[in-house]
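One file, protein23.pdb, is given below (PDB, N, CA and C atoms).
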```pdb
ATOM      1  N   MET N   1       5.469 146.584-103.500
ATOM      2  CA  MET N   1       6.705 146.377-104.223
ATOM      3  C   MET N   1       7.469 145.240-103.565
ATOM      4  N   ALA N   2       7.791 144.236-104.317
ATOM      5  CA  ALA N   2       8.557 143.105-103.796
ATOM      6  C   ALA N   2      10.016 143.246-104.207
ATOM      7  N   PHE N   3      10.889 142.966-103.276
ATOM      8  CA  PHE N   3      12.314 143.014-103.573
ATOM      9  C   PHE N   3      12.773 141.669-104.101
ATOM     10  N   GLN N   4      13.857 141.678-104.850
ATOM     11  CA  GLN N   4      14.414 140.447-105.370
ATOM     12  C   GLN N   4      15.100 139.695-104.233
ATOM     13  N   GLU N   5      14.721 138.434-104.058
ATOM     14  CA  GLU N   5      15.416 137.594-103.083
ATOM     15  C   GLU N   5      16.528 136.859-103.805
ATOM     16  N   ILE N   6      17.716 136.911-103.240
ATOM     17  CA  ILE N   6      18.856 136.239-103.860
ATOM     18  C   ILE N   6      19.445 135.250-102.856
ATOM     19  N   THR N   7      20.208 134.313-103.377
ATOM     20  CA  THR N   7      20.910 133.370-102.510
ATOM     21  C   THR N   7      22.323 133.878-102.276
ATOM     22  N   GLU N   8      22.928 133.335-101.266
ATOM     23  CA  GLU N   8      24.305 133.709-100.967
ATOM     24  C   GLU N   8      25.217 133.394-102.153
ATOM     25  N   GLN N   9      25.038 132.235-102.767
ATOM     26  CA  GLN N   9      25.887 131.847-103.895
ATOM     27  C   GLN N   9      25.708 132.781-105.087
ATOM     28  N   GLU N  10      24.477 133.214-105.335
ATOM     29  CA  GLU N  10      24.238 134.176-106.421
ATOM     30  C   GLU N  10      24.983 135.481-106.145
ATOM     31  N   TRP N  11      24.868 135.974-104.910
ATOM     32  CA  TRP N  11      25.509 137.248-104.576
ATOM     33  C   TRP N  11      27.026 137.130-104.643
ATOM     34  N   LEU N  12      27.568 136.034-104.111
ATOM     35  CA  LEU N  12      29.020 135.856-104.128
ATOM     36  C   LEU N  12      29.557 135.708-105.547
ATOM     37  N   GLY N  13      28.742 135.193-106.461
ATOM     38  CA  GLY N  13      29.174 134.996-107.838
ATOM     39  C   GLY N  13      29.076 136.225-108.716
ATOM     40  N   GLU N  14      28.443 137.283-108.233
ATOM     41  CA  GLU N  14      28.285 138.507-109.024
ATOM     42  C   GLU N  14      29.543 139.364-108.979
ATOM     43  N   PRO N  15      29.875 140.023-110.088
ATOM     44  CA  PRO N  15      30.980 140.997-110.029
ATOM     45  C   PRO N  15      30.533 142.210-109.213
ATOM     46  N   LYS N  16      31.434 142.761-108.437
ATOM     47  CA  LYS N  16      31.109 143.909-107.592
ATOM     48  C   LYS N  16      31.661 145.182-108.216
ATOM     49  N   ALA N  17      30.793 146.151-108.412
ATOM     50  CA  ALA N  17      31.204 147.450-108.964
ATOM     51  C   ALA N  17      31.952 148.233-107.891
ATOM     52  N   GLU N  18      32.917 149.009-108.308
ATOM     53  CA  GLU N  18      33.756 149.747-107.369
ATOM     54  C   GLU N  18      32.982 150.666-106.429
ATOM     55  N   LYS N  19      32.111 151.504-106.959
ATOM     56  CA  LYS N  19      31.434 152.474-106.107
ATOM     57  C   LYS N  19      29.931 152.260-106.040
ATOM     58  N   GLU N  20      29.468 151.145-106.566
ATOM     59  CA  GLU N  20      28.032 150.887-106.558
ATOM     60  C   GLU N  20      27.538 150.676-105.134
ATOM     61  N   ARG N  21      26.447 151.339-104.819
ATOM     62  CA  ARG N  21      25.841 151.237-103.496
ATOM     63  C   ARG N  21      24.614 150.347-103.601
ATOM     64  N   GLU N  22      24.468 149.439-102.660
ATOM     65  CA  GLU N  22      23.300 148.570-102.610
ATOM     66  C   GLU N  22      23.053 148.168-101.164
ATOM     67  N   ALA N  23      21.936 147.495-100.934
ATOM     68  CA  ALA N  23      21.601 147.031 -99.592
ATOM     69  C   ALA N  23      21.069 145.610 -99.678
ATOM     70  N   ILE N  24      21.406 144.832 -98.671
ATOM     71  CA  ILE N  24      20.851 143.482 -98.533
ATOM     72  C   ILE N  24      20.136 143.421 -97.198
ATOM     73  N   TYR N  25      18.896 142.959 -97.244
ATOM     74  CA  TYR N  25      18.080 142.823 -96.045
ATOM     75  C   TYR N  25      18.065 141.350 -95.658
ATOM     76  N   PHE N  26      18.714 141.023 -94.545
ATOM     77  CA  PHE N  26      18.745 139.651 -94.052
ATOM     78  C   PHE N  26      17.535 139.415 -93.159
ATOM     79  N   PHE N  27      16.893 138.265 -93.352
ATOM     80  CA  PHE N  27      15.664 137.953 -92.631
ATOM     81  C   PHE N  27      15.566 136.444 -92.411
ATOM     82  N   THR N  28      14.576 136.041 -91.630
ATOM     83  CA  THR N  28      14.147 134.647 -91.573
ATOM     84  C   THR N  28      12.646 134.646 -91.846
ATOM     85  N   PRO N  29      12.138 133.616 -92.494
ATOM     86  CA  PRO N  29      10.730 133.601 -92.907
ATOM     87  C   PRO N  29       9.719 133.678 -91.763
ATOM     88  N   LEU N  30      10.030 133.153 -90.586
ATOM     89  CA  LEU N  30       9.059 133.124 -89.495
ATOM     90  C   LEU N  30       9.193 134.290 -88.518
ATOM     91  N   CYS N  31      10.039 135.252 -88.832
ATOM     92  CA  CYS N  31      10.298 136.396 -87.952
ATOM     93  C   CYS N  31       9.281 137.513 -88.222
ATOM     94  N   GLY N  32       8.450 137.805 -87.231
ATOM     95  CA  GLY N  32       7.453 138.863 -87.385
ATOM     96  C   GLY N  32       8.082 140.238 -87.518
ATOM     97  N   THR N  33       9.150 140.492 -86.770
ATOM     98  CA  THR N  33       9.844 141.767 -86.852
ATOM     99  C   THR N  33      10.465 141.946 -88.236
ATOM    100  N   CYS N  34      10.938 140.850 -88.813
ATOM    101  CA  CYS N  34      11.512 140.903 -90.167
ATOM    102  C   CYS N  34      10.442 141.309 -91.183
ATOM    103  N   LYS N  35       9.233 140.773 -91.031
ATOM    104  CA  LYS N  35       8.142 141.118 -91.953
ATOM    105  C   LYS N  35       7.763 142.593 -91.820
ATOM    106  N   LEU N  36       7.753 143.088 -90.607
ATOM    107  CA  LEU N  36       7.456 144.505 -90.383
ATOM    108  C   LEU N  36       8.551 145.382 -90.987
ATOM    109  N   GLY N  37       9.813 145.021 -90.773
ATOM    110  CA  GLY N  37      10.924 145.773 -91.343
ATOM    111  C   GLY N  37      10.892 145.764 -92.862
ATOM    112  N   LEU N  38      10.529 144.621 -93.445
ATOM    113  CA  LEU N  38      10.428 144.527 -94.897
ATOM    114  C   LEU N  38       9.343 145.455 -95.423
ATOM    115  N   ARG N  39       8.230 145.519 -94.742
ATOM    116  CA  ARG N  39       7.144 146.422 -95.160
ATOM    117  C   ARG N  39       7.593 147.880 -95.083
ATOM    118  N   MET N  40       8.336 148.213 -94.048
ATOM    119  CA  MET N  40       8.846 149.580 -93.922
ATOM    120  C   MET N  40       9.818 149.897 -95.054
ATOM    121  N   LEU N  41      10.659 148.941 -95.421
ATOM    122  CA  LEU N  41      11.582 149.135 -96.545
ATOM    123  C   LEU N  41      10.830 149.323 -97.858
ATOM    124  N   GLU N  42       9.749 148.561 -98.038
ATOM    125  CA  GLU N  42       8.942 148.697 -99.251
ATOM    126  C   GLU N  42       8.365 150.102 -99.362
ATOM    127  N   ILE N  43       7.905 150.661 -98.255
ATOM    128  CA  ILE N  43       7.347 152.012 -98.257
ATOM    129  C   ILE N  43       8.444 153.031 -98.552
ATOM    130  N   ALA N  44       9.616 152.863 -97.924
ATOM    131  CA  ALA N  44      10.737 153.779 -98.167
ATOM    132  C   ALA N  44      11.165 153.720 -99.632
ATOM    133  N   ALA N  45      11.188 152.541-100.215
ATOM    134  CA  ALA N  45      11.563 152.396-101.628
ATOM    135  C   ALA N  45      10.520 153.045-102.531
ATOM    136  N   ALA N  46       9.249 152.875-102.203
ATOM    137  CA  ALA N  46       8.181 153.471-103.000
ATOM    138  C   ALA N  46       8.208 154.997-102.920
ATOM    139  N   ALA N  47       8.734 155.526-101.821
ATOM    140  CA  ALA N  47       8.816 156.978-101.652
ATOM    141  C   ALA N  47       9.980 157.584-102.428
ATOM    142  N   GLY N  48      10.817 156.728-103.012
ATOM    143  CA  GLY N  48      11.869 157.251-103.868
ATOM    144  C   GLY N  48      13.295 157.066-103.382
ATOM    145  N   SER N  49      13.524 156.149-102.453
ATOM    146  CA  SER N  49      14.917 155.916-102.052
ATOM    147  C   SER N  49      15.675 155.351-103.246
ATOM    148  N   THR N  50      16.941 155.696-103.361
ATOM    149  CA  THR N  50      17.694 155.392-104.571
ATOM    150  C   THR N  50      18.581 154.153-104.473
ATOM    151  N   THR N  51      18.783 153.619-103.296
ATOM    152  CA  THR N  51      19.646 152.451-103.123
ATOM    153  C   THR N  51      18.884 151.178-103.473
ATOM    154  N   PRO N  52      19.416 150.354-104.390
ATOM    155  CA  PRO N  52      18.758 149.081-104.693
ATOM    156  C   PRO N  52      18.815 148.154-103.477
ATOM    157  N   ILE N  53      17.704 147.476-103.206
ATOM    158  CA  ILE N  53      17.599 146.593-102.044
ATOM    159  C   ILE N  53      17.245 145.190-102.523
ATOM    160  N   ARG N  54      17.967 144.210-101.985
ATOM    161  CA  ARG N  54      17.622 142.811-102.219
ATOM    162  C   ARG N  54      17.519 142.121-100.876
ATOM    163  N   THR N  55      16.867 140.981-100.833
ATOM    164  CA  THR N  55      16.690 140.260 -99.581
ATOM    165  C   THR N  55      17.430 138.926 -99.636
ATOM    166  N   MET N  56      17.792 138.431 -98.444
ATOM    167  CA  MET N  56      18.493 137.160 -98.354
ATOM    168  C   MET N  56      18.090 136.463 -97.048
ATOM    169  N   ASN N  57      17.726 135.190 -97.151
ATOM    170  CA  ASN N  57      17.383 134.388 -95.987
ATOM    171  C   ASN N  57      18.685 134.035 -95.263
ATOM    172  N   ILE N  58      18.818 134.500 -94.040
ATOM    173  CA  ILE N  58      20.070 134.300 -93.303
ATOM    174  C   ILE N  58      20.306 132.831 -92.966
ATOM    175  N   ASN N  59      19.253 132.029 -92.935
ATOM    176  CA  ASN N  59      19.411 130.603 -92.644
ATOM    177  C   ASN N  59      20.257 129.889 -93.693
ATOM    178  N   PHE N  60      20.275 130.414 -94.903
ATOM    179  CA  PHE N  60      21.019 129.796 -95.996
ATOM    180  C   PHE N  60      22.202 130.653 -96.436
ATOM    181  N   SER N  61      22.700 131.474 -95.526
ATOM    182  CA  SER N  61      23.799 132.403 -95.846
ATOM    183  C   SER N  61      24.913 132.330 -94.804
ATOM    184  N   PRO N  62      25.455 131.137 -94.544
ATOM    185  CA  PRO N  62      26.452 131.027 -93.465
ATOM    186  C   PRO N  62      27.749 131.785 -93.722
ATOM    187  N   THR N  63      28.181 131.856 -94.962
ATOM    188  CA  THR N  63      29.447 132.532 -95.262
ATOM    189  C   THR N  63      29.350 134.020 -94.972
ATOM    190  N   LEU N  64      28.295 134.675 -95.477
ATOM    191  CA  LEU N  64      28.124 136.112 -95.231
ATOM    192  C   LEU N  64      27.798 136.377 -93.765
ATOM    193  N   ARG N  65      26.929 135.560 -93.197
ATOM    194  CA  ARG N  65      26.537 135.737 -91.787
ATOM    195  C   ARG N  65      27.765 135.699 -90.878
ATOM    196  N   ASP N  66      28.613 134.696 -91.067
ATOM    197  CA  ASP N  66      29.791 134.562 -90.211
ATOM    198  C   ASP N  66      30.883 135.575 -90.576
ATOM    199  N   GLY N  67      31.083 135.788 -91.869
ATOM    200  CA  GLY N  67      32.118 136.713 -92.308
ATOM    201  C   GLY N  67      31.830 138.147 -91.914
ATOM    202  N   TRP N  68      30.569 138.529 -91.987
ATOM    203  CA  TRP N  68      30.186 139.897 -91.635
ATOM    204  C   TRP N  68      29.746 140.014 -90.182
ATOM    205  N   ARG N  69      29.731 138.905 -89.478
ATOM    206  CA  ARG N  69      29.338 138.852 -88.062
ATOM    207  C   ARG N  69      27.958 139.439 -87.819
ATOM    208  N   ILE N  70      27.004 139.003 -88.600
ATOM    209  CA  ILE N  70      25.612 139.432 -88.405
ATOM    210  C   ILE N  70      25.087 138.702 -87.183
ATOM    211  N   THR N  71      24.626 139.459 -86.197
ATOM    212  CA  THR N  71      24.269 138.882 -84.908
ATOM    213  C   THR N  71      22.787 138.584 -84.728
ATOM    214  N   SER N  72      21.928 139.231 -85.514
ATOM    215  CA  SER N  72      20.494 138.981 -85.383
ATOM    216  C   SER N  72      19.778 139.474 -86.633
ATOM    217  N   VAL N  73      18.524 139.106 -86.727
ATOM    218  CA  VAL N  73      17.675 139.589 -87.818
ATOM    219  C   VAL N  73      16.501 140.328 -87.208
ATOM    220  N   PRO N  74      15.958 141.289 -87.917
ATOM    221  CA  PRO N  74      16.347 141.736 -89.246
ATOM    222  C   PRO N  74      17.656 142.512 -89.213
ATOM    223  N   CYS N  75      18.351 142.473 -90.345
ATOM    224  CA  CYS N  75      19.592 143.223 -90.475
ATOM    225  C   CYS N  75      19.679 143.775 -91.892
ATOM    226  N   LEU N  76      19.762 145.075 -91.992
ATOM    227  CA  LEU N  76      19.933 145.738 -93.279
ATOM    228  C   LEU N  76      21.412 146.094 -93.405
ATOM    229  N   VAL N  77      22.068 145.521 -94.414
ATOM    230  CA  VAL N  77      23.496 145.757 -94.622
ATOM    231  C   VAL N  77      23.653 146.682 -95.816
ATOM    232  N   LEU N  78      24.259 147.834 -95.600
ATOM    233  CA  LEU N  78      24.550 148.759 -96.690
ATOM    234  C   LEU N  78      25.937 148.444 -97.221
ATOM    235  N   LEU N  79      26.030 148.332 -98.538
ATOM    236  CA  LEU N  79      27.283 147.940 -99.184
ATOM    237  C   LEU N  79      27.725 148.991-100.178
ATOM    238  N   GLU N  80      29.018 149.163-100.274
ATOM    239  CA  GLU N  80      29.607 150.004-101.317
ATOM    240  C   GLU N  80      30.727 149.200-101.954
ATOM    241  N   GLY N  81      30.620 148.949-103.244
ATOM    242  CA  GLY N  81      31.604 148.135-103.940
ATOM    243  C   GLY N  81      31.658 146.711-103.429
ATOM    244  N   GLY N  82      30.544 146.215-102.915
ATOM    245  CA  GLY N  82      30.479 144.855-102.409
ATOM    246  C   GLY N  82      30.967 144.671-100.987
ATOM    247  N   GLU N  83      31.384 145.746-100.345
ATOM    248  CA  GLU N  83      31.875 145.685 -98.969
ATOM    249  C   GLU N  83      30.881 146.352 -98.025
ATOM    250  N   PRO N  84      30.597 145.718 -96.879
ATOM    251  CA  PRO N  84      29.661 146.327 -95.936
ATOM    252  C   PRO N  84      30.228 147.599 -95.308
ATOM    253  N   VAL N  85      29.400 148.636 -95.266
ATOM    254  CA  VAL N  85      29.799 149.894 -94.645
ATOM    255  C   VAL N  85      28.930 150.234 -93.432
ATOM    256  N   ARG N  86      27.768 149.568 -93.331
ATOM    257  CA  ARG N  86      26.880 149.830 -92.195
ATOM    258  C   ARG N  86      25.925 148.661 -92.001
ATOM    259  N   PHE N  87      25.688 148.328 -90.734
ATOM    260  CA  PHE N  87      24.741 147.290 -90.360
ATOM    261  C   PHE N  87      23.645 147.953 -89.536
ATOM    262  N   GLU N  88      22.421 147.841 -89.989
ATOM    263  CA  GLU N  88      21.292 148.454 -89.289
ATOM    264  C   GLU N  88      20.370 147.338 -88.794
ATOM    265  N   TYR N  89      20.309 147.184 -87.472
ATOM    266  CA  TYR N  89      19.485 146.135 -86.873
ATOM    267  C   TYR N  89      18.120 146.662 -86.431
ATOM    268  N   ALA N  90      18.026 147.935 -86.126
ATOM    269  CA  ALA N  90      16.778 148.517 -85.639
ATOM    270  C   ALA N  90      16.078 149.260 -86.772
ATOM    271  N   MET N  91      14.914 148.797 -87.138
ATOM    272  CA  MET N  91      14.107 149.463 -88.156
ATOM    273  C   MET N  91      13.158 150.394 -87.398
ATOM    274  N   ARG N  92      13.653 151.592 -87.094
ATOM    275  CA  ARG N  92      12.917 152.518 -86.235
ATOM    276  C   ARG N  92      11.677 153.105 -86.902
ATOM    277  N   SER N  93      11.860 153.601 -88.120
ATOM    278  CA  SER N  93      10.740 154.219 -88.819
ATOM    279  C   SER N  93      11.007 154.228 -90.314
ATOM    280  N   VAL N  94       9.964 154.426 -91.082
ATOM    281  CA  VAL N  94      10.102 154.536 -92.533
ATOM    282  C   VAL N  94      10.982 155.728 -92.876
ATOM    283  N   ASP N  95      10.811 156.819 -92.154
ATOM    284  CA  ASP N  95      11.596 158.025 -92.401
ATOM    285  C   ASP N  95      13.092 157.770 -92.195
ATOM    286  N   ASP N  96      13.450 157.079 -91.118
ATOM    287  CA  ASP N  96      14.862 156.743 -90.883
ATOM    288  C   ASP N  96      15.424 155.891 -92.003
ATOM    289  N   LEU N  97      14.662 154.903 -92.426
ATOM    290  CA  LEU N  97      15.111 154.018 -93.502
ATOM    291  C   LEU N  97      15.247 154.787 -94.820
ATOM    292  N   TYR N  98      14.300 155.677 -95.089
ATOM    293  CA  TYR N  98      14.361 156.466 -96.308
ATOM    294  C   TYR N  98      15.643 157.313 -96.341
ATOM    295  N   ARG N  99      15.943 157.989 -95.232
ATOM    296  CA  ARG N  99      17.161 158.812 -95.164
ATOM    297  C   ARG N  99      18.412 157.957 -95.270
ATOM    298  N   LEU N 100      18.399 156.787 -94.691
ATOM    299  CA  LEU N 100      19.541 155.879 -94.755
ATOM    300  C   LEU N 100      19.804 155.402 -96.183
ATOM    301  N   LEU N 101      18.742 155.209 -96.941
ATOM    302  CA  LEU N 101      18.861 154.666 -98.301
ATOM    303  C   LEU N 101      18.948 155.737 -99.370
ATOM    304  N   LYS N 102      18.787 156.997 -99.023
ATOM    305  CA  LYS N 102      18.803 158.094-100.009
ATOM    306  C   LYS N 102      20.195 158.405-100.475
TER     307      LYS N 102
END
```
Take the structure in this file and express it as structure tokens.
Amino acid sequence: MAFQEITEQEWLGEPKAEKEREAIYFFTPLCGTCKLGLRMLEIAAAAGSTTPIRTMNINFSPTLRDGWRITSVPCLVLLEGGEPVRFEYAMRSVDDLYRLLK
């Protein structure tokens, strides 16, 4: 299962629903840990997690990176109504990610 990759400008231009929950996975293309985390997210999503997940290359996301103070990748940002509520830097296990996204 491949997630939709979006740009920072696309995300900033979207209307934000009041209580809609979503997640953005920040990565860089050459990061091996990012690829492993993405695979774990794919498995968690296939197992039935309900939070929609999209990906964003942090190299081209300076406004969100600086505004949200993202310090490293991979970083899974959980959002509610377009506002970050949790930053997850450690992709410990598929089970942890599944519970986080349920």
Give the helix (DSSP H, G or I) residues of chain N, as DSSP finds them on the backbone, and put them as number ranges by chain.
N: 8-13, 32-46, 58-60, 62-67, 94-101
Those in chain N with strand (DSSP E) from DSSP, as a list in words
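Here is the list: Gln4, Glu5, Arg21, Glu22, Ala23, Ile24, Tyr25, Phe26, Phe27, Ile53, Arg54, Thr55, Met56, Asn57, Cys75, Leu76, Val77, Leu78, Leu79, Glu80, Glu83, Pro84, Val85, Arg86, Phe87 and Glu88 of chain N.
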For the file shown, report as a list of chain:residue names the outcome of the PyMOL selection byres ((chain N and resi 78) around 8) at residue level.
N:Arg21, N:Glu22, N:Ala23, N:Ile24, N:Tyr25, N:Cys75, N:Leu76, N:Val77, N:Leu79, N:Glu80, N:Gly81, N:Gly82, N:Glu83, N:Pro84, N:Val85, N:Arg86, N:Phe87, N:Glu88
Take the residues from that selection and put them in a file with N, CA and C atoms, as a PDB file, in the coordinates of the input.
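Result saved to result-v6.pdb:
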```
ATOM      1  N   ARG N  21      26.447 151.339-104.819  1.00  0.00           N
ATOM      2  CA  ARG N  21      25.841 151.237-103.496  1.00  0.00           C
ATOM      3  C   ARG N  21      24.614 150.347-103.601  1.00  0.00           C
ATOM      4  N   GLU N  22      24.468 149.439-102.660  1.00  0.00           N
ATOM      5  CA  GLU N  22      23.300 148.570-102.610  1.00  0.00           C
ATOM      6  C   GLU N  22      23.053 148.168-101.164  1.00  0.00           C
ATOM      7  N   ALA N  23      21.936 147.495-100.934  1.00  0.00           N
ATOM      8  CA  ALA N  23      21.601 147.031 -99.592  1.00  0.00           C
ATOM      9  C   ALA N  23      21.069 145.610 -99.678  1.00  0.00           C
ATOM     10  N   ILE N  24      21.406 144.832 -98.671  1.00  0.00           N
ATOM     11  CA  ILE N  24      20.851 143.482 -98.533  1.00  0.00           C
ATOM     12  C   ILE N  24      20.136 143.421 -97.198  1.00  0.00           C
ATOM     13  N   TYR N  25      18.896 142.959 -97.244  1.00  0.00           N
ATOM     14  CA  TYR N  25      18.080 142.823 -96.045  1.00  0.00           C
ATOM     15  C   TYR N  25      18.065 141.350 -95.658  1.00  0.00           C
ATOM     16  N   CYS N  75      18.351 142.473 -90.345  1.00  0.00           N
ATOM     17  CA  CYS N  75      19.592 143.223 -90.475  1.00  0.00           C
ATOM     18  C   CYS N  75      19.679 143.775 -91.892  1.00  0.00           C
ATOM     19  N   LEU N  76      19.762 145.075 -91.992  1.00  0.00           N
ATOM     20  CA  LEU N  76      19.933 145.738 -93.279  1.00  0.00           C
ATOM     21  C   LEU N  76      21.412 146.094 -93.405  1.00  0.00           C
ATOM     22  N   VAL N  77      22.068 145.521 -94.414  1.00  0.00           N
ATOM     23  CA  VAL N  77      23.496 145.757 -94.622  1.00  0.00           C
ATOM     24  C   VAL N  77      23.653 146.682 -95.816  1.00  0.00           C
ATOM     25  N   LEU N  79      26.030 148.332 -98.538  1.00  0.00           N
ATOM     26  CA  LEU N  79      27.283 147.940 -99.184  1.00  0.00           C
ATOM     27  C   LEU N  79      27.725 148.991-100.178  1.00  0.00           C
ATOM     28  N   GLU N  80      29.018 149.163-100.274  1.00  0.00           N
ATOM     29  CA  GLU N  80      29.607 150.004-101.317  1.00  0.00           C
ATOM     30  C   GLU N  80      30.727 149.200-101.954  1.00  0.00           C
ATOM     31  N   GLY N  81      30.620 148.949-103.244  1.00  0.00           N
ATOM     32  CA  GLY N  81      31.604 148.135-103.940  1.00  0.00           C
ATOM     33  C   GLY N  81      31.658 146.711-103.429  1.00  0.00           C
ATOM     34  N   GLY N  82      30.544 146.215-102.915  1.00  0.00           N
ATOM     35  CA  GLY N  82      30.479 144.855-102.409  1.00  0.00           C
ATOM     36  C   GLY N  82      30.967 144.671-100.987  1.00  0.00           C
ATOM     37  N   GLU N  83      31.384 145.746-100.345  1.00  0.00           N
ATOM     38  CA  GLU N  83      31.875 145.685 -98.969  1.00  0.00           C
ATOM     39  C   GLU N  83      30.881 146.352 -98.025  1.00  0.00           C
ATOM     40  N   PRO N  84      30.597 145.718 -96.879  1.00  0.00           N
ATOM     41  CA  PRO N  84      29.661 146.327 -95.936  1.00  0.00           C
ATOM     42  C   PRO N  84      30.228 147.599 -95.308  1.00  0.00           C
ATOM     43  N   VAL N  85      29.400 148.636 -95.266  1.00  0.00           N
ATOM     44  CA  VAL N  85      29.799 149.894 -94.645  1.00  0.00           C
ATOM     45  C   VAL N  85      28.930 150.234 -93.432  1.00  0.00           C
ATOM     46  N   ARG N  86      27.768 149.568 -93.331  1.00  0.00           N
ATOM     47  CA  ARG N  86      26.880 149.830 -92.195  1.00  0.00           C
ATOM     48  C   ARG N  86      25.925 148.661 -92.001  1.00  0.00           C
ATOM     49  N   PHE N  87      25.688 148.328 -90.734  1.00  0.00           N
ATOM     50  CA  PHE N  87      24.741 147.290 -90.360  1.00  0.00           C
ATOM     51  C   PHE N  87      23.645 147.953 -89.536  1.00  0.00           C
ATOM     52  N   GLU N  88      22.421 147.841 -89.989  1.00  0.00           N
ATOM     53  CA  GLU N  88      21.292 148.454 -89.289  1.00  0.00           C
ATOM     54  C   GLU N  88      20.370 147.338 -88.794  1.00  0.00           C
TER      55      GLU N  88
END
```
So, counting only C-alpha atoms, which residue among N:Leu12, N:Ile6, N:Val94, N:Ala17 is closest to Leu38 in chain N?
N:Val94
What is the atom C of Pro62 in chain N to CA of Ala2 in chain N distance in Å?
24.5 Å
Since I can't run it myself right now, could you work out what the PyMOL selection byres ((chain N and resi 3) around 6) selects here and report it as a PyMOL selection string?
chain N and resi 1-2+4-5+53-55
Starting from the displayed file, determine the output of the PyMOL selection byres (((chain N and resi 60 and name CA) around 12) and name CA) and express the residue list as a ChimeraX atom specification.
/N:5-10,26-29,55-59,61-66
Residues within 6.5 Å of (19.7, 153.8, -99.4), file coords, only N, CA and C atoms, listed as a ChimeraX atom specification
/N:49-52,97-102
Between CA of Thr71 in chain N and CA of Lys35 in chain N, what distance in Å does the model show, to one decimal?
17.7 Å
Coordinates-based distance that separates CA of Ala90 in chain N from CA of Gly37 in chain N (Å, one decimal)
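CA of Ala90 in chain N lies at a distance of 8.6 Å from CA of Gly37 in chain N.
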